[in-house]
Amino acid sequence: RSRMDKLQQLKQIEALCEQLYLATDPQQRAQVEASLKVDTPSAEALEQCRLILDNSDSHYAQFLACSTLGKFLNEHWNSFAPQQRHEIKMYTMNFLAHRGLKLQNFVLSSAVQLVSRCTKLGWFDGPQMHQNILSDIQSFLDASPEHLILGLIILTNLVQEMCANNAGHLTISQHRKIAISFRDSSLLNAFQIALNYLKQVAAAAPGTAQEQVTALKEQALKLALSCLSFDFIGTSPDESAEDVGTVQIPSHWQSHFEDPGLIPLFLTIYANSTPPTSVSAMECMVQLAAVRRSLFSDTERSKYLNAIMLTIKNVISQRIGLNHQGNHHEFCRLLSRLKCNYQLQDLTSSDLWQEWIALVTEFTISTLKSWQWSPNSVHYLLGLWHRMISSMNYLRKTTTPVMVDELAPKVIEAYMTTRLELVNAILQSGGFEDPLANPETMEEQLEFVATLGRCKYQLTAGFLTSLLDALINSYQSLMRQGDSKQFTSVHNQLSWLVYFSAVLVGGRLAINASDEHDLIDGELSSRVFMLMRLSDGRVQHIVTQEGTCEFKLECAFLFFLQHFRRMYIGDHAITSSKVYTRLNELIGFESHSVVLNVFLAKIQTNFKVWKDCADIVYRTLQLLLDLASGYSSSKLMTKLEVTSQMLIHHTREYVPFLESASGNGGGKYRAMYYGILGKLLFTEELFSRFDDFMLPFEQTASFMLMQPSVEAIRQHQVLVVGFLRDITGLVSSIGQRKAFATFFEWFSPQYSPILGRIAEAFYDVHSVVKPLLVLTGELVWNKFGRLQFEASSPNGVLLFKEASTVLVSYGTRALSLPIKQDAYTERYRGLVLSLDALSKSLSGDYVNFGVISLYHDPCLPDALTVGVKLAVSVPLQDLLAYPKVTKAYFTFIDVMCSNHANVRCHIARMHIHTQVLYSLDTPTLCSIFVALEAGLSSIEASIVSSCCTSLDHLLTLYLAAKKKAERAQAMAAAAQAPAGSTATAAPQPSAALRNALAQMPQLDAHMTAVGAELLPRLMSGIFRGLLSHDGSNQYSLARPLLPLILIIPRSFEEYKQSMVAMQPQVAQREKLAQAFSKLTLELENDLDSRNRNKFSQNLSQFLHDVKSL
């Protein structure tokens, strides 16, 4: 009957799994997932997983069982005894041996991952449990051909698992310790296994079953690639990083790489295979080319390099596999990786050099011409030539002709020509991706062009100049014909040429600059400036929009102006360069001041003509910002009349893009624009124009203050949003005390009340709330110490009162608004900005909060109360789901606890900030502690640090209050001693101590409610963090641990006993118990600095002892 019940239960599980993975209704899927979800690895759950794997033929049920076991191992590894872990691994291996050949790929992958993860996590459980994994896999390799392939799959996954730090609870040091042990004991054997099977495949007779040979070849290549890609020394770069790393092969592998048949073996496999197998073979050769040079002696290194160069020569000359895109791409990576690893001196010393570089040049040019199917490969080839040319300055004299500088012009000319051909092909077919439509990606590739182009600059510049002259003439003749297809082609081709001109001019280096090269820069620049003048005259009479040929050319112009600015205008510019001599001869630009005037005129033109194009506006603003941020360029700008006119005429009547940016999407550009103007305005030369600059703002603010009611203000939403964003930009640019004091005198008290009225009128309009709160946060932010007022000045208090008015007005109303659809947009965005503003004001150190409390001004407690209510209104799930909410919440709690919980003061003088926290009702305070507990598990070090600091101050404050209350009780008891006592009359407790005694019942009630469950969990979480992190957060995590041990000593003893009992061996249990005993050795029931320092020393020793178990 029991078996029948189990089979019936199995059928139910299979049916639920079918619904879970095949159901289309999200609600139904969620219900099924909840019914199948198991959080803890109970004996019953493990038995059910085995029941499924032993008896079920349902792929979905098998996947559920494997994934559940994997989840148990990941999240509850320490709950399993070492023998139990070993049994799970061996059971899964047996399952794969008996049923693995019939499994679906997703089930097989999950089961193999389970074996690998169990092996990695239990690697140090015992040498006979997991470290003999290769012997277990060998049984697969010695079985049938199908089991052989399955064994290679398991071994490949194991190598990848050992390399990747995917197990979340392993520290980096623990992961590296396991990886190094596996590298030293097993990785070479795995690589030898791959090589042996590849040799068998290469020597296989033609009549061998092709399917089995292909499968074996593919899996052996994957294993070899995994071994070669292993992170040998813990320096593997991010997968998204540039492909420039070397493969740090261990020294004892040397003999295998000195084998003369190694490189030819992979070439044979590559030549006799088709994609994707051939692609894997080429990937292996990419890794072989990146093997560290120091592995070999000089003689062996030359032999190894010659073998790789010979392989490249044969592939190019015989066109082996290069007609396939995947092979072609990996081959380009091989060329790039080879130069990254070997010096140009090594390459030129080879007997193959001249033939090799000629073939590589031919291959590069053919690849550039084959842009239809190799767009992603060009980057590697340009990088190859860039590195070869850059290395020529360090090349020792050699009798072998280098030829790189002679061949570079051919490559760059081919690149330029093919880009122009690409324009026509895109217009004719429309089936290719246009690089001009994605300037960011294209600009990264163009940086290589500068090195190639300036190698033989006269030749390259002459070729480019001839192209520019021809196309500019065509442009002028076609201007009157409207938007013809030919005109579009010329436009896009000119865009490419402007980009090329930009990187060539911007590639000027001081070490190889010359007057001749500067004159060439002047030639190129003059043509771009003339073309820009023609284009600006035309676009002022047409409708501009993104994606058009005019847009692409405008992006190119701005790219050129940025590069010209870096070389010839600004802090690092050469203002006496010959470039201005040539510009003066050709177009009359005699100095950098004249060119800067052209820059500013271009900027103003873009603000008018491209006012509705956000991308152009942003790029133009970025150019203006770079000019205003540079010391030299900003000094030049302040002397120009056009700059003075910009500060006088800065409203939307003169800058039309401001009107287009009034909506939600362009608001950041308004703030950016006024931030740039502020940088100029608050310089010494232009500061006197402040009153004139502020006149438009005075008119707007006065108009809003004159509105008779809230409803009247709501009628001017666009005006309000623009005003808020403009002022935000202006304030963000202030970095000096004098400038902020000048602004604040203008703003308060005449115009500052407008912020409170806006908060009252638009609290439910998200598009207004955001800029309002951003401005509030900017006003109260004491960056660069700009909010340091005079000692007798009330400005600090006035500023806080205005901010409090805004935050209280918005917060109290926002809490009453229901969330309809998007919680972040409707509630959390404003909450984040509010908490951020309040945190900045509390930690700014420019407000005397004691004065506010002394005069019982409600602005402080009201703001704190609203802030706490906003914070605790976020459910824990949402708090952890939105990173910005998480950061704002914990920063606010940290500021509340840290900056204003002075534990050395009397409780009677406890600051009102901390009183707000401890005056909360118990459930609310518990929710804060629950959030702090969750924050301790964050992967963000700053979040963990904020949580630890908050806990430390809250717990320390409680202990200080308790100590004072005990002292007050003792003094009161002594004062009530019998009258006949001969002892001197004891003094009465002070008012501060009596106040502390009166407040203790409330504090005790809070701590009793919190301490019942939360404090033990917090202590456990801190210990877990200390033992699982790499030590970077040790100081932060240690701070609240001592108060916890003093407050809940019984829970500490229970935790100690449970940790000791979990250790598998008697010796480990004894060592851990001894380590815990030393942790509290010579500690007193106090939190003074001496006791804390002693605890820190004990904790460091404790962590060292535990991690060495």
# chains A, B, ... in the order shown; residues from 1 in each chain; ligands from 1

$ residues_around --residues "A:Leu310" --least-positions-apart "5" --cutoff "12 Å" --atoms "only C-alpha atoms" --output "PDB file with C-alpha atoms, in the first residue's frame"
ATOM      1  CA  ILE A 263      49.335  23.451 -32.648  1.00  0.00           C
ATOM      2  CA  PRO A 264      49.140  21.206 -35.761  1.00  0.00           C
ATOM      3  CA  LEU A 267      44.774  22.978 -37.044  1.00  0.00           C
ATOM      4  CA  SER A 302      60.456  31.089 -30.977  1.00  0.00           C
ATOM      5  CA  LYS A 303      59.425  27.592 -32.036  1.00  0.00           C
ATOM      6  CA  TYR A 304      55.982  28.002 -30.474  1.00  0.00           C
ATOM      7  CA  LEU A 305      55.462  31.415 -32.078  1.00  0.00           C
ATOM      8  CA  VAL A 315      44.790  29.337 -43.012  1.00  0.00           C
ATOM      9  CA  ILE A 316      45.028  32.591 -44.978  1.00  0.00           C
ATOM     10  CA  SER A 317      46.865  31.239 -48.008  1.00  0.00           C
ATOM     11  CA  GLN A 318      44.636  28.182 -48.320  1.00  0.00           C
ATOM     12  CA  LEU A 347      57.137  38.713 -34.651  1.00  0.00           C
ATOM     13  CA  SER A 350      60.607  35.126 -37.234  1.00  0.00           C
ATOM     14  CA  ASP A 351      61.670  33.842 -40.647  1.00  0.00           C
ATOM     15  CA  LEU A 352      57.997  33.907 -41.624  1.00  0.00           C
ATOM     16  CA  TRP A 353      57.549  37.616 -40.896  1.00  0.00           C
ATOM     17  CA  GLU A 355      55.319  36.534 -45.878  1.00  0.00           C
ATOM     18  CA  TRP A 356      53.141  36.578 -42.773  1.00  0.00           C
ATOM     19  CA  ILE A 357      52.620  40.363 -42.651  1.00  0.00           C
ATOM     20  CA  LEU A 359      49.206  37.781 -46.001  1.00  0.00           C
ATOM     21  CA  VAL A 360      47.763  39.499 -42.911  1.00  0.00           C
TER      22      VAL A 360
END

$ residues_around --residues "A:Gln788" --least-positions-apart "4" --cutoff "9 Å" --atoms "only C-alpha atoms" --output "VMD selection string"
chain A and resid 737 741 782 796 845 to 846

$ write_last_selection --atoms "all heavy atoms" --output "mmCIF file, in the first residue's frame"
data_model
loop_
_atom_site.group_PDB
_atom_site.id
_atom_site.type_symbol
_atom_site.label_atom_id
_atom_site.label_comp_id
_atom_site.auth_asym_id
_atom_site.auth_seq_id
_atom_site.Cartn_x
_atom_site.Cartn_y
_atom_site.Cartn_z
ATOM 1 N N ARG A 737 31.099 79.087 -1.062
ATOM 2 C CA ARG A 737 30.260 79.703 -0.031
ATOM 3 C C ARG A 737 29.705 81.041 -0.499
ATOM 4 O O ARG A 737 28.520 81.337 -0.304
ATOM 5 C CB ARG A 737 31.075 79.902 1.250
ATOM 6 C CG ARG A 737 31.471 78.630 1.949
ATOM 7 C CD ARG A 737 32.365 78.928 3.140
ATOM 8 N NE ARG A 737 31.736 79.863 4.052
ATOM 9 C CZ ARG A 737 32.324 80.364 5.123
ATOM 10 N NH1 ARG A 737 33.588 80.051 5.385
ATOM 11 N NH2 ARG A 737 31.689 81.204 5.924
ATOM 12 N N ALA A 741 25.781 81.921 -0.866
ATOM 13 C CA ALA A 741 25.219 82.974 -0.016
ATOM 14 C C ALA A 741 24.530 84.037 -0.868
ATOM 15 O O ALA A 741 23.443 84.531 -0.508
ATOM 16 C CB ALA A 741 26.320 83.596 0.838
ATOM 17 N N ASN A 782 25.124 70.077 1.236
ATOM 18 C CA ASN A 782 26.307 70.855 1.597
ATOM 19 C C ASN A 782 27.550 70.309 0.891
ATOM 20 O O ASN A 782 28.545 69.963 1.522
ATOM 21 C CB ASN A 782 26.507 70.823 3.115
ATOM 22 C CG ASN A 782 27.565 71.806 3.568
ATOM 23 O OD1 ASN A 782 27.932 72.721 2.840
ATOM 24 N ND2 ASN A 782 28.075 71.614 4.774
ATOM 25 N N GLY A 796 21.033 78.865 7.969
ATOM 26 C CA GLY A 796 20.968 77.409 8.068
ATOM 27 C C GLY A 796 19.620 76.935 8.561
ATOM 28 O O GLY A 796 19.021 75.997 8.014
ATOM 29 N N ASP A 845 25.561 69.342 8.549
ATOM 30 C CA ASP A 845 26.379 70.024 9.554
ATOM 31 C C ASP A 845 26.386 71.535 9.364
ATOM 32 O O ASP A 845 27.419 72.196 9.511
ATOM 33 C CB ASP A 845 27.814 69.480 9.524
ATOM 34 C CG ASP A 845 28.579 69.829 10.798
ATOM 35 O OD1 ASP A 845 27.914 70.026 11.829
ATOM 36 O OD2 ASP A 845 29.814 69.914 10.757
ATOM 37 N N TYR A 846 25.238 72.081 9.022
ATOM 38 C CA TYR A 846 25.134 73.532 8.901
ATOM 39 C C TYR A 846 23.909 74.069 9.641
ATOM 40 O O TYR A 846 23.650 75.271 9.601
ATOM 41 C CB TYR A 846 25.056 73.954 7.433
ATOM 42 C CG TYR A 846 23.892 73.357 6.666
ATOM 43 C CD1 TYR A 846 22.643 73.982 6.651
ATOM 44 C CD2 TYR A 846 24.030 72.170 5.982
ATOM 45 C CE1 TYR A 846 21.579 73.435 5.962
ATOM 46 C CE2 TYR A 846 22.973 71.615 5.280
ATOM 47 C CZ TYR A 846 21.751 72.247 5.276
ATOM 48 O OH TYR A 846 20.699 71.700 4.599
#

$ residues_around --residues "stretch 719-728 of chain A" --least-positions-apart "2" --cutoff "10 Å" --atoms "only C-alpha atoms" --output "ChimeraX atom specification"
/A:651,658-659,661-664,667-675,678,694,696-697,700-701,704,713-717,730-733,754-755,758,762,767-779

$ atom_distance --atom1 "atom CA of A:Val806" --atom2 "atom CA of A:Gly756"
4.9 Å

$ atom_distance --atom1 "atom CA of A:Pro375" --atom2 "atom CA of A:Ser336"
15.5 Å

$ residues_around --residues "A:His147" --least-positions-apart "3" --cutoff "10 Å" --atoms "only C-alpha atoms" --output "list in words"
Leu96, Ala97, His98, Gly100, Leu101, Ile137, Ser139, Phe140, Leu141, Asp142, Ala143, Ser144, Leu150, Gly151, Leu152 and Ile153 of chain A

$ residues_around --residues "stretch 414-417 of chain A" --least-positions-apart "2" --cutoff "10 Å" --atoms "only C-alpha atoms" --output "ChimeraX atom specification"
/A:364-369,371,378,382,408-412,419-422,449,460,463-464,467,493,496-497,500

$ write_last_selection --atoms "C-alpha atoms" --output "PDB file, in the first residue's frame"
ATOM      1  CA  THR A 364      42.716  42.635 -43.521  1.00  0.00           C
ATOM      2  CA  ILE A 365      41.896  44.443 -46.735  1.00  0.00           C
ATOM      3  CA  SER A 366      39.685  41.587 -47.968  1.00  0.00           C
ATOM      4  CA  THR A 367      37.870  41.542 -44.639  1.00  0.00           C
ATOM      5  CA  LEU A 368      37.298  45.290 -44.812  1.00  0.00           C
ATOM      6  CA  LYS A 369      35.817  44.820 -48.263  1.00  0.00           C
ATOM      7  CA  TRP A 371      31.712  44.180 -44.602  1.00  0.00           C
ATOM      8  CA  VAL A 378      36.829  44.682 -38.093  1.00  0.00           C
ATOM      9  CA  LEU A 382      42.046  47.443 -36.495  1.00  0.00           C
ATOM     10  CA  ALA A 408      49.371  50.821 -42.837  1.00  0.00           C
ATOM     11  CA  PRO A 409      48.274  53.445 -45.428  1.00  0.00           C
ATOM     12  CA  LYS A 410      46.858  50.663 -47.600  1.00  0.00           C
ATOM     13  CA  VAL A 411      44.831  49.374 -44.682  1.00  0.00           C
ATOM     14  CA  ILE A 412      43.478  52.756 -43.647  1.00  0.00           C
ATOM     15  CA  ARG A 419      32.969  52.759 -45.362  1.00  0.00           C
ATOM     16  CA  LEU A 420      31.951  54.982 -48.268  1.00  0.00           C
ATOM     17  CA  GLU A 421      30.889  51.935 -50.272  1.00  0.00           C
ATOM     18  CA  LEU A 422      28.867  50.783 -47.302  1.00  0.00           C
ATOM     19  CA  VAL A 449      42.009  54.862 -37.011  1.00  0.00           C
ATOM     20  CA  THR A 460      46.578  59.380 -45.338  1.00  0.00           C
ATOM     21  CA  PHE A 463      43.905  60.724 -49.555  1.00  0.00           C
ATOM     22  CA  LEU A 464      41.279  61.971 -47.093  1.00  0.00           C
ATOM     23  CA  LEU A 467      37.835  62.596 -50.832  1.00  0.00           C
ATOM     24  CA  GLN A 493      29.675  59.773 -46.959  1.00  0.00           C
ATOM     25  CA  TRP A 496      32.195  59.291 -42.408  1.00  0.00           C
ATOM     26  CA  LEU A 497      34.887  61.653 -43.662  1.00  0.00           C
ATOM     27  CA  PHE A 500      37.853  60.300 -39.934  1.00  0.00           C
TER      28      PHE A 500
END

$ residues_around --residues "stretch 222-225 of chain A" --least-positions-apart "3" --cutoff "6 Å" --atoms "only C-alpha atoms" --output "PyMOL selection string"
chain A and resi 156+191+194+219+228-229+284

$ residues_around --residues "A:Leu51" --least-positions-apart "2" --cutoff "10 Å" --atoms "only C-alpha atoms" --output "list in words"
Lys6, Leu7, Gln9, Leu10, Ala45, Leu46, Glu47, Gln48, Cys49, Leu53, Asp54, Asn55, Ser56, Gln62 and Ala65 of chain A

$ write_last_selection --atoms "N, CA and C atoms" --output "JSON list (two decimals), in the first residue's frame"
[["chain", "number", "residue", "atom", "x", "y", "z"],
["A", 6, "LYS", "N", 2.98, 6.04, -2.81],
["A", 6, "LYS", "CA", 4.09, 6.81, -3.38],
["A", 6, "LYS", "C", 3.91, 7.00, -4.88],
["A", 7, "LEU", "N", 3.46, 5.92, -5.56],
["A", 7, "LEU", "CA", 3.25, 6.05, -7.01],
["A", 7, "LEU", "C", 2.12, 7.03, -7.32],
["A", 9, "GLN", "N", 1.31, 9.55, -5.41],
["A", 9, "GLN", "CA", 1.90, 10.88, -5.14],
["A", 9, "GLN", "C", 2.78, 11.33, -6.30],
["A", 10, "LEU", "N", 3.50, 10.34, -6.89],
["A", 10, "LEU", "CA", 4.36, 10.67, -8.02],
["A", 10, "LEU", "C", 3.55, 11.16, -9.21],
["A", 45, "ALA", "N", 11.43, 15.81, 1.86],
["A", 45, "ALA", "CA", 11.70, 16.45, 0.56],
["A", 45, "ALA", "C", 12.78, 15.71, -0.21],
["A", 46, "LEU", "N", 13.82, 15.27, 0.48],
["A", 46, "LEU", "CA", 14.88, 14.51, -0.18],
["A", 46, "LEU", "C", 14.36, 13.18, -0.70],
["A", 47, "GLU", "N", 13.49, 12.56, 0.08],
["A", 47, "GLU", "CA", 12.91, 11.27, -0.34],
["A", 47, "GLU", "C", 12.04, 11.45, -1.58],
["A", 48, "GLN", "N", 11.30, 12.54, -1.64],
["A", 48, "GLN", "CA", 10.46, 12.79, -2.81],
["A", 48, "GLN", "C", 11.32, 13.02, -4.06],
["A", 49, "CYS", "N", 12.45, 13.73, -3.91],
["A", 49, "CYS", "CA", 13.34, 13.93, -5.05],
["A", 49, "CYS", "C", 13.87, 12.59, -5.57],
["A", 53, "LEU", "N", 13.34, 10.79, -9.32],
["A", 53, "LEU", "CA", 14.45, 10.41, -10.17],
["A", 53, "LEU", "C", 14.52, 8.90, -10.40],
["A", 54, "ASP", "N", 14.05, 8.10, -9.43],
["A", 54, "ASP", "CA", 14.09, 6.65, -9.57],
["A", 54, "ASP", "C", 12.96, 6.11, -10.45],
["A", 55, "ASN", "N", 11.81, 6.77, -10.43],
["A", 55, "ASN", "CA", 10.64, 6.16, -11.03],
["A", 55, "ASN", "C", 9.98, 6.97, -12.14],
["A", 56, "SER", "N", 10.21, 8.28, -12.19],
["A", 56, "SER", "CA", 9.46, 9.11, -13.12],
["A", 56, "SER", "C", 10.14, 9.16, -14.49],
["A", 62, "GLN", "N", 11.63, 15.34, -13.50],
["A", 62, "GLN", "CA", 13.05, 15.11, -13.29],
["A", 62, "GLN", "C", 13.80, 16.43, -13.12],
["A", 65, "ALA", "N", 13.15, 17.83, -9.65],
["A", 65, "ALA", "CA", 13.90, 17.14, -8.61],
["A", 65, "ALA", "C", 15.36, 17.58, -8.60]]

$ closest_residue --among "A:Leu558, A:Leu121, A:Ala871, A:Ala61" --to "A:Asn166" --atoms "only C-alpha atoms"
A:Leu121
